[in-house]
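Below: run31.txt (compact mmCIF, C-alpha atoms)
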# COMPACT_ATOMS: atom_id res chain seq x y z
CA ALA A 1 -37.06 -12.69 -1.51
CA ALA A 2 -35.98 -11.77 -5.00
CA VAL A 3 -38.02 -12.93 -7.94
CA LEU A 4 -36.31 -13.84 -11.19
CA GLU A 5 -38.69 -13.01 -14.03
CA PHE A 6 -37.53 -12.95 -17.63
CA LYS A 7 -37.66 -14.73 -20.94
CA GLY A 8 -35.65 -17.88 -21.52
CA PRO A 9 -33.33 -18.49 -24.48
CA ASN A 10 -36.19 -19.58 -26.73
CA GLY A 11 -38.54 -16.81 -25.65
CA GLU A 12 -40.32 -18.95 -23.08
CA ASP A 13 -41.78 -17.12 -20.12
CA LEU A 14 -39.78 -17.82 -16.99
CA ALA A 15 -42.26 -16.00 -14.78
CA GLU A 16 -42.89 -19.26 -13.00
CA ALA A 17 -40.58 -16.98 -11.07
CA MET A 18 -38.36 -18.65 -8.62
CA PRO A 19 -38.31 -16.74 -5.34
CA VAL A 20 -34.78 -16.82 -4.00
CA ASP A 21 -33.31 -15.60 -0.73
CA LYS A 22 -29.95 -14.87 -2.33
CA GLU A 23 -29.33 -14.41 -6.03
CA PRO A 24 -26.36 -16.10 -7.70
CA GLY A 25 -23.24 -14.03 -8.08
CA PHE A 26 -19.64 -13.97 -9.16
CA VAL A 27 -17.38 -15.20 -6.35
CA GLY A 28 -15.73 -12.15 -4.80
CA GLY A 29 -18.49 -9.75 -5.85
CA LYS A 30 -18.42 -6.79 -8.22
CA LYS A 31 -14.73 -5.99 -7.75
CA ALA A 32 -13.68 -9.54 -8.65
CA LEU A 33 -16.12 -9.60 -11.58
CA ASN A 34 -14.74 -6.36 -12.96
CA ALA A 35 -11.18 -7.68 -12.64
CA TYR A 36 -12.20 -10.86 -14.48
CA ILE A 37 -13.81 -8.83 -17.27
CA ARG A 38 -10.81 -6.50 -17.65
CA LYS A 39 -8.50 -9.49 -17.91
CA ASN A 40 -10.65 -11.73 -20.13
CA LEU A 41 -12.98 -9.71 -22.38
CA LYS A 42 -11.34 -9.19 -25.73
CA TYR A 43 -12.75 -6.56 -28.05
CA PRO A 44 -12.70 -8.13 -31.53
CA ALA A 45 -9.90 -7.02 -33.85
CA SER A 46 -12.49 -6.51 -36.61
CA ALA A 47 -13.86 -3.60 -34.61
CA SER A 48 -10.73 -1.57 -35.29
CA PHE A 49 -11.86 -1.38 -38.92
CA GLN A 50 -15.55 -0.95 -38.15
CA PRO A 51 -16.19 0.42 -34.64
CA MET A 52 -19.06 -1.43 -33.01
CA GLU A 53 -20.91 -1.11 -29.75
CA GLY A 54 -23.97 -2.48 -28.05
CA THR A 55 -25.13 -4.90 -25.40
CA VAL A 56 -24.95 -8.65 -25.94
CA ILE A 57 -27.14 -10.64 -23.54
CA VAL A 58 -26.06 -14.16 -22.66
CA PHE A 59 -28.49 -16.57 -21.00
CA PHE A 60 -27.22 -19.39 -18.77
CA HIS A 61 -28.08 -21.48 -15.73
CA VAL A 62 -26.26 -21.34 -12.41
CA ASP A 63 -26.65 -24.76 -10.76
CA GLU A 64 -26.63 -25.72 -7.09
CA GLN A 65 -22.82 -25.95 -7.09
CA GLY A 66 -22.47 -22.60 -8.85
CA LYS A 67 -21.46 -24.14 -12.19
CA LEU A 68 -22.61 -22.26 -15.28
CA SER A 69 -24.21 -24.12 -18.20
CA ASN A 70 -26.71 -23.92 -21.09
CA PHE A 71 -25.18 -20.77 -22.58
CA LYS A 72 -27.00 -18.97 -25.36
CA VAL A 73 -26.79 -15.46 -26.79
CA ILE A 74 -30.35 -14.14 -26.69
CA GLN A 75 -29.66 -10.54 -27.72
CA GLU A 76 -27.21 -10.24 -30.58
CA VAL A 77 -25.28 -7.15 -31.66
CA HIS A 78 -22.70 -8.36 -34.19
CA PRO A 79 -21.31 -11.89 -34.69
CA ASP A 80 -17.85 -10.84 -33.47
CA LEU A 81 -19.18 -9.13 -30.34
CA ASP A 82 -21.58 -12.01 -29.70
CA ARG A 83 -18.66 -14.47 -29.85
CA ALA A 84 -16.55 -12.35 -27.50
CA ALA A 85 -19.37 -12.10 -24.94
CA LEU A 86 -20.12 -15.82 -25.14
CA GLU A 87 -16.43 -16.69 -24.73
CA LEU A 88 -16.17 -14.41 -21.69
CA VAL A 89 -19.14 -16.04 -19.97
CA THR A 90 -18.47 -19.67 -20.88
CA ASN A 91 -14.97 -19.39 -19.40
CA MET A 92 -16.12 -17.92 -16.08
CA PRO A 93 -15.29 -19.84 -12.92
CA PRO A 94 -18.18 -21.19 -10.81
CA TRP A 95 -20.35 -18.61 -9.06
CA ASP A 96 -21.91 -18.52 -5.63
CA PRO A 97 -25.27 -20.26 -6.21
CA ALA A 98 -28.69 -18.83 -5.46
CA THR A 99 -30.37 -20.05 -2.29
CA VAL A 100 -33.92 -20.70 -1.14
CA ASP A 101 -34.40 -21.22 2.59
CA GLY A 102 -30.63 -21.44 2.89
CA MET A 103 -30.36 -24.28 0.38
CA PRO A 104 -28.55 -23.85 -2.98
CA VAL A 105 -30.81 -23.98 -6.04
CA SER A 106 -30.36 -23.91 -9.81
CA VAL A 107 -31.60 -20.73 -11.49
CA PRO A 108 -31.63 -19.16 -14.96
CA TYR A 109 -29.66 -15.95 -15.38
CA LEU A 110 -29.26 -13.17 -17.95
CA PHE A 111 -25.83 -11.58 -18.23
CA PRO A 112 -25.58 -8.48 -20.43
CA VAL A 113 -22.11 -7.55 -21.68
CA LYS A 114 -21.83 -3.93 -22.82
CA PHE A 115 -19.37 -3.05 -25.55
CA TYR A 116 -18.48 0.58 -26.05
CA ASN A 117 -16.89 1.97 -29.16
CA ARG A 118 -13.52 0.20 -29.58
CA SER A 119 -13.27 -0.86 -25.92
CA ALA A 120 -15.25 -3.15 -23.68
CA GLN A 121 -15.72 -1.13 -20.55
CA GLY A 122 -18.61 -2.54 -18.63
CA VAL A 123 -21.03 -5.30 -17.91
CA SER A 124 -24.45 -5.39 -16.38
CA SER A 125 -26.43 -8.03 -14.67
CA ASN A 126 -30.16 -8.40 -15.14
CA ASN A 127 -31.78 -9.87 -12.09
CA GLY A 128 -35.28 -9.58 -13.50
CA ARG A 129 -35.93 -6.24 -11.80
CA GLY A 130 -33.85 -4.11 -14.12
CA MET A 131 -30.26 -3.60 -15.14
CA ILE A 132 -27.62 -3.29 -12.44
CA ASN A 133 -24.37 -1.85 -13.73
CA TYR A 134 -21.24 -3.42 -12.32
Once you've parsed the file, please lay out its structure as C-alpha cells.
Amino acid sequence: AAVLEFKGPNGEDLAEAMPVDKEPGFVGGKKALNAYIRKNLKYPASASFQPMEGTVIVFFHVDEQGKLSNFKVIQEVHPDLDRAALELVTNMPPWDPATVDGMPVSVPYLFPVKFYNRSAQGVSSNNGRGMINY
C-alpha cells in the first residue's frame, strides 16, 4: 500500500497518511497526461521578455469520483508561471480515483509543473515518496 505523506496547502501535516492500494492518476496514464500537457500548458508571453523557469507545485484533492477540487499553488515561482500551472490543473478532466480495499477514496495530491527556459517541457507528480517525472 502506498502512503501519501506531505504538507497540505496551509502547511498542515498530512502524515495522518492515508494508505491506498492504488494512487489516483490521470485517465490514460503518462502518455495521455503528456499529451494533455503539450496541448494545454501555455508558457506565459511575458517570459519571452524575461525568460523564467522553475517548478510550480499545485495542491488539490481527487475525490471518490476522480473529480479534482480545492486547488492551491503551494510552491510559487513567478505569478505568470503560477497562473499557467493553476490553469492547466484546474481544467484537467476527472482522474482515476485512489482506492483502499478496492473502494474509491478521496485523497490530497501534489502536482508539480516544471517550466524550462521559454518552454514548458515536463511535469512531475509527487506521491509522497519523491518526484516521479512523467
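Take CA of Thr55 in chain A and CA of Glu76 in chain A: the distance between them is 7.7 Å.
You will find CA of Pro94 in chain A at 4.6 Å from CA of Lys67 in chain A.
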**Message:** Can you pull out the residues contacting Ala85 in chain A? Cut-off 10 Å, using all atoms listed in the file, and skip same-chain residues under 3 positions away; I want them as a VMD selection string.
**Reply:** chain A and resid 40 to 43 55 to 58 73 76 79 to 82 88 to 90 111 to 115 120 123
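Computed from the coordinates, the CA of Arg83 in chain A to CA of Leu33 in chain A distance equals 19.1 Å.
Nearest residue to Lys72 in chain A, choosing from A:Met52, A:Tyr109, A:Pro104, A:Pro44 and counting only C-alpha atoms: A:Tyr109.
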**Request:** Tell me, as a ChimeraX atom specification, which residues lie within 10 Å of range 98-103 of chain A, counting only C-alpha atoms; anything in the same chain fewer than 6 positions away does not count.
**Result:** /A:1-2,18-25,62-66
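Using all atoms listed in the file, the nearest neighbour of Ala84 in chain A within the list A:Ala45, A:Pro97, A:Tyr36, A:Gly28 is A:Ala45.
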Skipping near chain neighbours, those fewer than 5 positions away, what residues fall within 6 Å of Phe60 in chain A using all atoms listed in the file, listed as an mmCIF file with C-alpha atoms, in the frame of the given file?
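The resulting file, around-v7.cif, is reproduced below:
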data_model
loop_
_atom_site.group_PDB
_atom_site.id
_atom_site.type_symbol
_atom_site.label_atom_id
_atom_site.label_comp_id
_atom_site.auth_asym_id
_atom_site.auth_seq_id
_atom_site.Cartn_x
_atom_site.Cartn_y
_atom_site.Cartn_z
ATOM 1 C CA SER A 69 -24.210 -24.120 -18.200
ATOM 2 C CA ASN A 70 -26.710 -23.920 -21.090
ATOM 3 C CA PHE A 71 -25.180 -20.770 -22.580
ATOM 4 C CA PRO A 108 -31.630 -19.160 -14.960
ATOM 5 C CA TYR A 109 -29.660 -15.950 -15.380
#
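Proximity to Gln50 in chain A was assessed for A:Phe26, A:Lys31, A:His78, A:Val107 counting only C-alpha atoms; the smallest distance is recorded for A:His78.
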**Message:** I'd like to know which of A:Val105, A:Phe49, A:Val27, A:Phe59 is closest to Leu86 in chain A, using all atoms listed in the file.
**Reply:** A:Phe59
